[in-house]
$ cat run_11.cif   # mmCIF, C-alpha atoms
data_upload
#
loop_
_atom_site.label_atom_id
_atom_site.label_comp_id
_atom_site.auth_asym_id
_atom_site.auth_seq_id
_atom_site.Cartn_x
_atom_site.Cartn_y
_atom_site.Cartn_z
CA MET A 1 91.57 107.44 95.12
CA PRO A 2 89.29 109.13 97.68
CA ARG A 3 90.83 111.25 100.42
CA SER A 4 90.04 108.69 103.12
CA VAL A 5 91.96 106.00 101.25
CA ARG A 6 94.90 108.34 100.64
CA ARG A 7 95.01 109.04 104.38
CA LEU A 8 95.01 105.31 105.07
CA VAL A 9 97.87 104.72 102.62
CA GLY A 10 99.82 107.58 104.19
CA LEU A 11 99.24 106.13 107.64
CA VAL A 12 100.47 102.69 106.58
CA VAL A 13 103.62 104.22 105.05
CA ALA A 14 104.28 106.36 108.13
CA VAL A 15 103.83 103.44 110.52
CA SER A 16 106.06 101.23 108.36
CA MET A 17 108.80 103.85 108.30
CA ALA A 18 108.58 104.35 112.05
CA ALA A 19 108.76 100.64 112.66
CA ALA A 20 111.71 100.36 110.30
CA VAL A 21 113.76 102.61 112.57
CA ALA A 22 113.44 100.07 115.36
CA GLY A 23 113.34 96.99 113.18
CA CYS A 24 116.82 96.86 111.70
CA ALA A 25 118.81 93.69 111.97
CA THR A 26 122.18 94.06 113.68
CA PRO A 27 124.97 93.31 111.19
CA PRO A 28 127.55 90.75 112.26
CA ASP A 29 130.98 91.88 113.35
CA ARG A 30 133.22 92.77 110.42
CA SER A 31 135.84 90.45 111.85
CA ASP A 32 133.63 87.55 110.75
CA ALA A 33 134.24 88.14 107.06
CA GLU A 34 132.03 85.27 105.85
CA ALA A 35 129.01 86.22 107.97
CA TYR A 36 129.37 89.90 107.11
CA ALA A 37 129.62 89.13 103.38
CA GLU A 38 126.46 87.01 103.59
CA PHE A 39 124.65 89.83 105.42
CA LYS A 40 125.63 92.31 102.69
CA ALA A 41 124.66 89.89 99.92
CA LEU A 42 121.19 89.33 101.38
CA ASN A 43 120.71 93.11 101.51
CA ASP A 44 117.90 92.71 104.03
CA PRO A 45 118.80 94.95 106.99
CA LEU A 46 115.10 95.21 107.94
CA GLU A 47 114.66 91.45 108.12
CA PRO A 48 113.03 91.38 111.59
CA LEU A 49 110.44 93.94 110.50
CA ASN A 50 110.07 92.33 107.08
CA ARG A 51 109.36 88.95 108.64
CA THR A 52 106.72 90.51 110.89
CA VAL A 53 105.03 92.10 107.87
CA PHE A 54 105.37 88.79 106.01
CA GLY A 55 103.52 87.04 108.83
CA PHE A 56 100.77 89.65 108.64
CA ASN A 57 100.50 89.19 104.86
CA GLN A 58 100.32 85.42 105.27
CA ALA A 59 97.47 85.80 107.75
CA ILE A 60 95.56 88.10 105.37
CA ASP A 61 96.17 85.66 102.54
CA ALA A 62 94.90 82.71 104.57
CA MET A 63 91.79 84.56 105.77
CA PHE A 64 90.82 86.41 102.60
CA LEU A 65 92.94 86.21 99.45
CA ARG A 66 93.35 82.45 99.15
CA PRO A 67 89.64 81.70 99.85
CA PHE A 68 88.61 84.36 97.31
CA ALA A 69 91.04 82.93 94.77
CA ASP A 70 89.77 79.38 95.33
CA PHE A 71 86.15 80.52 94.99
CA TYR A 72 87.03 82.49 91.86
CA ARG A 73 88.64 79.43 90.28
CA LEU A 74 85.64 77.32 91.25
CA LEU A 75 83.14 79.87 89.96
CA LEU A 76 84.72 80.65 86.59
CA PRO A 77 86.09 78.12 84.09
CA ALA A 78 89.64 78.67 82.86
CA PRO A 79 88.65 80.39 79.55
CA PHE A 80 86.60 83.00 81.43
CA ARG A 81 89.44 83.61 83.90
CA GLU A 82 91.80 84.06 80.97
CA GLY A 83 89.41 86.62 79.52
CA VAL A 84 89.40 88.58 82.78
CA HIS A 85 93.21 88.45 82.87
CA ASN A 86 93.36 89.72 79.29
CA ILE A 87 91.08 92.67 80.08
CA LEU A 88 93.15 93.65 83.11
CA ALA A 89 96.36 93.35 81.09
CA ASN A 90 94.89 95.52 78.33
CA LEU A 91 94.01 98.23 80.87
CA ARG A 92 97.70 98.36 81.85
CA SER A 93 98.76 99.17 78.29
CA PRO A 94 99.10 102.95 78.89
CA VAL A 95 101.45 102.29 81.82
CA ILE A 96 103.52 99.85 79.78
CA LEU A 97 103.64 102.26 76.83
CA ALA A 98 104.77 105.16 79.02
CA ASN A 99 107.61 103.08 80.48
CA ASP A 100 108.58 101.74 77.04
CA LEU A 101 109.03 105.35 75.92
CA LEU A 102 110.81 106.44 79.11
CA GLN A 103 113.31 103.63 78.55
CA GLY A 104 113.80 104.55 74.90
CA GLU A 105 112.37 101.22 73.74
CA ILE A 106 110.70 102.50 70.57
CA ASP A 107 110.11 99.06 69.04
CA ARG A 108 108.48 97.77 72.21
CA ALA A 109 106.40 100.96 72.41
CA GLY A 110 105.13 100.20 68.91
CA THR A 111 104.27 96.66 69.98
CA THR A 112 102.39 97.95 73.04
CA THR A 113 100.44 100.45 70.93
CA GLY A 114 99.56 97.81 68.37
CA ARG A 115 98.47 95.38 71.06
CA PHE A 116 96.20 97.96 72.69
CA LEU A 117 94.56 98.95 69.41
CA ILE A 118 94.01 95.38 68.23
CA ASN A 119 92.84 93.96 71.55
CA SER A 120 90.61 96.95 72.33
CA THR A 121 88.80 96.55 68.99
CA LEU A 122 89.04 93.05 67.55
CA GLY A 123 89.61 91.67 71.03
CA VAL A 124 86.40 93.24 72.39
CA GLY A 125 87.93 95.53 74.98
CA GLY A 126 90.83 93.18 75.65
CA LEU A 127 88.74 90.09 76.32
CA CYS A 128 90.66 88.19 73.65
CA ASP A 129 94.39 88.54 73.04
CA TRP A 130 94.29 88.65 69.25
CA ALA A 131 97.44 90.79 69.15
CA THR A 132 99.62 87.81 70.07
CA ASP A 133 98.25 85.93 67.05
CA PHE A 134 99.21 88.96 64.92
CA GLY A 135 102.83 88.64 66.07
CA LEU A 136 102.73 91.21 68.86
CA PRO A 137 103.66 89.29 72.03
CA ARG A 138 102.81 90.58 75.48
CA HIS A 139 105.51 92.13 77.63
CA SER A 140 105.53 94.03 80.89
CA GLU A 141 107.17 97.30 81.89
CA ASP A 142 106.79 99.43 85.01
CA PHE A 143 108.41 102.50 86.49
CA GLY A 144 110.48 100.41 88.87
CA GLN A 145 112.12 98.84 85.83
CA THR A 146 112.50 102.30 84.26
CA LEU A 147 114.33 103.56 87.35
CA ALA A 148 116.62 100.52 87.16
CA VAL A 149 117.37 101.24 83.49
CA TRP A 150 118.16 104.83 84.48
CA GLY A 151 120.68 103.51 86.99
CA ALA A 152 118.80 103.90 90.27
CA PRO A 153 119.88 101.32 92.89
CA GLU A 154 117.22 98.96 94.20
CA GLY A 155 117.97 99.58 97.87
CA PRO A 156 117.31 97.05 100.63
CA PHE A 157 114.67 94.37 100.42
CA LEU A 158 111.24 95.39 101.71
CA MET A 159 108.18 93.34 102.57
CA LEU A 160 105.30 95.78 102.21
CA PRO A 161 101.95 95.32 103.98
CA LEU A 162 99.39 93.71 101.62
CA ILE A 163 101.63 94.31 98.58
CA GLY A 164 104.37 91.81 99.39
CA PRO A 165 108.04 91.66 98.28
CA SER A 166 109.50 94.94 97.06
CA ASN A 167 112.33 97.42 97.51
CA PRO A 168 112.45 101.24 97.68
CA ARG A 169 112.95 101.56 93.93
CA ASP A 170 109.98 99.33 93.10
CA ALA A 171 107.82 100.91 95.80
CA VAL A 172 108.35 104.33 94.21
CA GLY A 173 107.73 102.80 90.80
CA LEU A 174 104.43 101.29 91.95
CA ALA A 175 103.23 104.66 93.24
CA VAL A 176 104.19 106.44 90.01
CA ASP A 177 102.56 103.77 87.84
CA SER A 178 99.36 103.72 89.91
CA PHE A 179 98.74 107.43 90.37
CA ILE A 180 100.62 109.22 87.57
CA LEU A 181 101.25 107.01 84.52
CA ASP A 182 97.97 105.08 84.68
CA PRO A 183 95.31 107.41 83.24
CA PHE A 184 92.51 105.31 84.73
CA GLY A 185 94.13 105.41 88.16
CA LEU A 186 94.93 109.11 87.82
CA MET A 187 91.32 109.98 87.02
CA GLY A 188 90.17 107.96 90.00
CA THR A 189 92.34 110.02 92.37
CA LEU A 190 90.68 113.31 91.46
CA ASP A 191 88.25 114.56 94.07
CA MET A 192 85.97 115.67 91.23
CA ALA A 193 85.88 112.15 89.76
CA PRO A 194 82.36 110.74 89.51
CA GLU A 195 81.41 108.03 91.97
CA TRP A 196 81.09 105.37 89.28
CA MET A 197 84.70 105.94 88.20
CA VAL A 198 85.96 105.54 91.76
CA THR A 199 83.87 102.38 92.11
CA MET A 200 85.30 100.96 88.89
CA GLN A 201 88.81 101.57 90.18
CA TYR A 202 88.02 99.60 93.33
CA VAL A 203 86.59 96.80 91.18
CA ARG A 204 89.68 96.84 88.98
CA TYR A 205 92.11 96.73 91.92
CA GLY A 206 90.17 93.92 93.56
CA ALA A 207 89.95 91.93 90.35
CA THR A 208 93.68 92.36 89.77
CA VAL A 209 94.54 91.02 93.23
CA VAL A 210 92.23 88.01 92.90
CA ASP A 211 93.38 87.33 89.32
CA GLU A 212 97.06 87.34 90.23
CA ARG A 213 96.53 85.24 93.36
CA SER A 214 94.42 82.70 91.48
CA GLN A 215 97.15 82.16 88.89
CA ASN A 216 99.72 81.13 91.49
CA VAL A 217 97.81 78.89 93.87
CA GLU A 218 99.58 75.62 93.07
CA GLU A 219 102.96 77.23 92.43
CA LEU A 220 103.07 79.06 95.75
CA ASP A 221 101.76 76.00 97.59
CA ASP A 222 104.54 73.89 96.09
CA LEU A 223 107.16 76.53 96.86
CA GLN A 224 106.03 76.77 100.47
CA LYS A 225 106.06 72.99 100.90
CA SER A 226 109.51 72.62 99.36
CA SER A 227 111.11 75.56 101.18
CA LEU A 228 112.81 75.33 104.54
CA ASP A 229 112.30 79.11 104.82
CA PHE A 230 109.36 80.38 102.75
CA TYR A 231 110.25 84.02 103.42
CA ALA A 232 113.83 83.57 102.17
CA ALA A 233 112.60 81.66 99.12
CA LEU A 234 110.18 84.44 98.18
CA ARG A 235 112.89 87.05 98.72
CA SER A 236 115.20 85.23 96.33
CA LEU A 237 112.39 84.59 93.84
CA TYR A 238 111.34 88.24 93.80
CA ARG A 239 114.86 89.53 93.22
CA GLN A 240 115.55 87.11 90.40
CA TYR A 241 112.15 87.77 88.84
CA ARG A 242 112.78 91.53 88.89
CA THR A 243 116.28 91.08 87.48
CA SER A 244 114.82 89.01 84.65
CA GLU A 245 112.19 91.69 83.96
CA ILE A 246 114.74 94.52 83.95
CA TRP A 247 117.01 92.61 81.58
CA GLN A 248 114.04 91.57 79.40
CA GLY A 249 114.42 87.89 80.13
CA HIS A 250 118.21 87.75 79.72
CA PRO A 251 119.68 88.60 83.13
CA PRO A 252 123.37 88.15 83.94
CA ALA A 253 124.25 84.73 85.33
CA ALA A 254 123.49 84.51 89.04
CA THR A 255 126.56 84.22 91.21
CA GLU A 256 124.83 82.66 94.23
CA GLY A 257 121.58 81.24 95.44
CA PRO A 258 118.90 79.38 93.46
CA ARG A 259 118.35 80.24 89.83
CA PHE A 260 115.27 82.12 88.64
CA ASP A 261 114.22 79.13 86.51
CA ASP A 262 114.04 77.00 89.65
CA PHE A 263 110.95 78.89 90.82
CA PRO A 264 107.43 79.13 89.39
CA SER A 265 106.80 82.13 87.19
CA LEU A 266 104.78 85.14 88.32
CA PRO A 267 102.15 86.70 86.04
CA ALA A 268 103.56 89.18 83.53
CA ASP A 269 100.70 91.63 84.01
#

$ encode --input "run_11.cif" --output "structure tokens"
Amino acid sequence: MPRSVRRLVGLVVAVSMAAAVAGCATPPDRSDAEAYAEFKALNDPLEPLNRTVFGFNQAIDAMFLRPFADFYRLLLPAPFREGVHNILANLRSPVILANDLLQGEIDRAGTTTGRFLINSTLGVGGLCDWATDFGLPRHSEDFGQTLAVWGAPEGPFLMLPLIGPSNPRDAVGLAVDSFILDPFGLMGTLDMAPEWMVTMQYVRYGATVVDERSQNVEELDDLQKSSLDFYAALRSLYRQYRTSEIWQGHPPAATEGPRFDDFPSLPAD
């Protein structure tokens, strides 16, 4: 990532942290045991700030992301979009492999390695997912999940500008994945990186955003229409999705709130 972009990212983080100091929700009085228990269960002390950021993200989505996603779906037939998704997923293989190994998941690391080799060769650079037909199903791992496996707490809910639902653990994980564990991303951050490599990273990031948004158009529309509070629904969805990912699809039974299966799935890659 060029220096100018790193400065911009640093500025966004600094402004967000400064705003967080003044944006905390006031917890209810401990004498109201039910209200206080609900406040602790939601684990969203920055809710006023988070809702402001959520409104900003919704505006950006309405002005840019959703129109781009609609045009992308109109421009490319489903098989071509699937090919793009497969290529982007294949490029994430080094990140997935690194986190497989960091979590001690040797069998899954073997699956990731096999998938990358097969799809990069027989699959023409990942365009086709032949590895699944060879009995190597796709899975996702990231450093946020690795930190969870290592016992790091998730911390309070965060709504990050442009990125969306997160928490401190996943925010750190995203940074590590993007700029340390991803060799393509790491090379793009070097000031000595050639211009074409930096350009390709921009293309990859943009394609990833449009690809993921295009896969959830109807699902997110339906969720928004059926939700009395879209922000709260996304908060619950994100937490249950991350729990399912950390527990490899077999999370403990939820004790409150809607079940993960009640919501549309997010893309695995």

$ closest_atom_pairs --input "run_11.cif" --of "region 119-232 of chain A" --to "region 100-104 of chain A" --cutoff "8 Å" --atoms "only C-alpha atoms" --output "Markdown table"
| residue | atom | partner | partner_atom | distance |
| --- | --- | --- | --- | --- |
| A:Glu141 | CA | A:Asp100 | CA | 6.7 |
| A:Thr146 | CA | A:Gln103 | CA | 5.9 |
| A:Val149 | CA | A:Gln103 | CA | 6.8 |
| A:Trp150 | CA | A:Gln103 | CA | 7.8 |

$ resolve_selection --input "run_11.cif" --expression "the PyMOL selection byres ((chain A and resi 214-221) around 7)" --output "MDAnalysis selection string"
chainID A and resid 69:70 73 210:213 222:225 264

$ residues_around --input "run_11.cif" --residues "Gly123 (chain A)" --least-positions-apart "5" --cutoff "10 Å" --atoms "only C-alpha atoms" --output "tab-separated table (two decimals) with C-alpha atoms, in the coordinates of the input"
chain	number	residue	atom	x	y	z
A	83	GLY	CA	89.41	86.62	79.52
A	86	ASN	CA	93.36	89.72	79.29
A	87	ILE	CA	91.08	92.67	80.08
A	90	ASN	CA	94.89	95.52	78.33
A	115	ARG	CA	98.47	95.38	71.06
A	116	PHE	CA	96.20	97.96	72.69
A	117	LEU	CA	94.56	98.95	69.41
A	118	ILE	CA	94.01	95.38	68.23
A	128	CYS	CA	90.66	88.19	73.65
A	129	ASP	CA	94.39	88.54	73.04
A	130	TRP	CA	94.29	88.65	69.25
A	131	ALA	CA	97.44	90.79	69.15

$ residues_around --input "run_11.cif" --residues "Ala98 (chain A)" --least-positions-apart "6" --cutoff "9 Å" --atoms "all atoms listed in the file" --output "PDB file with C-alpha atoms, keeping the file's coordinate frame"
ATOM      1  CA  ALA A 109     106.400 100.960  72.410  1.00  0.00           C
ATOM      2  CA  GLU A 141     107.170  97.300  81.890  1.00  0.00           C
ATOM      3  CA  ASP A 142     106.790  99.430  85.010  1.00  0.00           C
ATOM      4  CA  PHE A 143     108.410 102.500  86.490  1.00  0.00           C
ATOM      5  CA  LEU A 181     101.250 107.010  84.520  1.00  0.00           C
ATOM      6  CA  ASP A 182      97.970 105.080  84.680  1.00  0.00           C
TER       7      ASP A 182
END

$ resolve_selection --input "run_11.cif" --expression "the PyMOL selection byres ((chain A and resi 233-236) around 10)" --output "compact mmCIF listing (two decimals) with C-alpha atoms, keeping the file's coordinate frame"
# COMPACT_ATOMS: atom_id res chain seq x y z
CA LEU A 42 121.19 89.33 101.38
CA ASP A 44 117.90 92.71 104.03
CA PHE A 157 114.67 94.37 100.42
CA LEU A 158 111.24 95.39 101.71
CA MET A 159 108.18 93.34 102.57
CA GLY A 164 104.37 91.81 99.39
CA PRO A 165 108.04 91.66 98.28
CA SER A 166 109.50 94.94 97.06
CA LEU A 220 103.07 79.06 95.75
CA LEU A 223 107.16 76.53 96.86
CA GLN A 224 106.03 76.77 100.47
CA SER A 226 109.51 72.62 99.36
CA SER A 227 111.11 75.56 101.18
CA LEU A 228 112.81 75.33 104.54
CA ASP A 229 112.30 79.11 104.82
CA PHE A 230 109.36 80.38 102.75
CA TYR A 231 110.25 84.02 103.42
CA ALA A 232 113.83 83.57 102.17
CA LEU A 237 112.39 84.59 93.84
CA TYR A 238 111.34 88.24 93.80
CA ARG A 239 114.86 89.53 93.22
CA GLN A 240 115.55 87.11 90.40
CA TYR A 241 112.15 87.77 88.84
CA GLY A 257 121.58 81.24 95.44
CA PRO A 258 118.90 79.38 93.46
CA ARG A 259 118.35 80.24 89.83
CA PHE A 260 115.27 82.12 88.64
CA PHE A 263 110.95 78.89 90.82

$ resolve_selection --input "run_11.cif" --expression "the PyMOL selection byres ((chain A and resi 177) around 12)" --output "MDAnalysis selection string"
chainID A and resid 92:99 141:147 170:176 178:186

$ atom_distance --input "run_11.cif" --atom1 "CA of Gln248 (chain A)" --atom2 "CA of Leu46 (chain A)"
28.8 Å

$ atom_distance --input "run_11.cif" --atom1 "CA of Gly206 (chain A)" --atom2 "CA of Leu127 (chain A)"
17.7 Å

$ atom_distance --input "run_11.cif" --atom1 "CA of Tyr202 (chain A)" --atom2 "CA of Arg169 (chain A)"
25.0 Å

$ axis_aligned_box --input "run_11.cif" --around "region 168-183 of chain A" --padding-each-side "6 Å" --output "JSON"
{"center_x": 104.1, "center_y": 104.3, "center_z": 90.5, "size_x": 29.6, "size_y": 21.9, "size_z": 26.4}

$ closest_residue --input "run_11.cif" --among "A:Leu162, A:Val198, A:Ala152, A:Ala193" --to "Ile60 (chain A)" --atoms "only C-alpha atoms"
A:Leu162

$ closest_residue --input "run_11.cif" --among "A:Phe56, A:Tyr205, A:Trp247, A:Phe64" --to "Ser140 (chain A)" --atoms "all atoms listed in the file"
A:Trp247
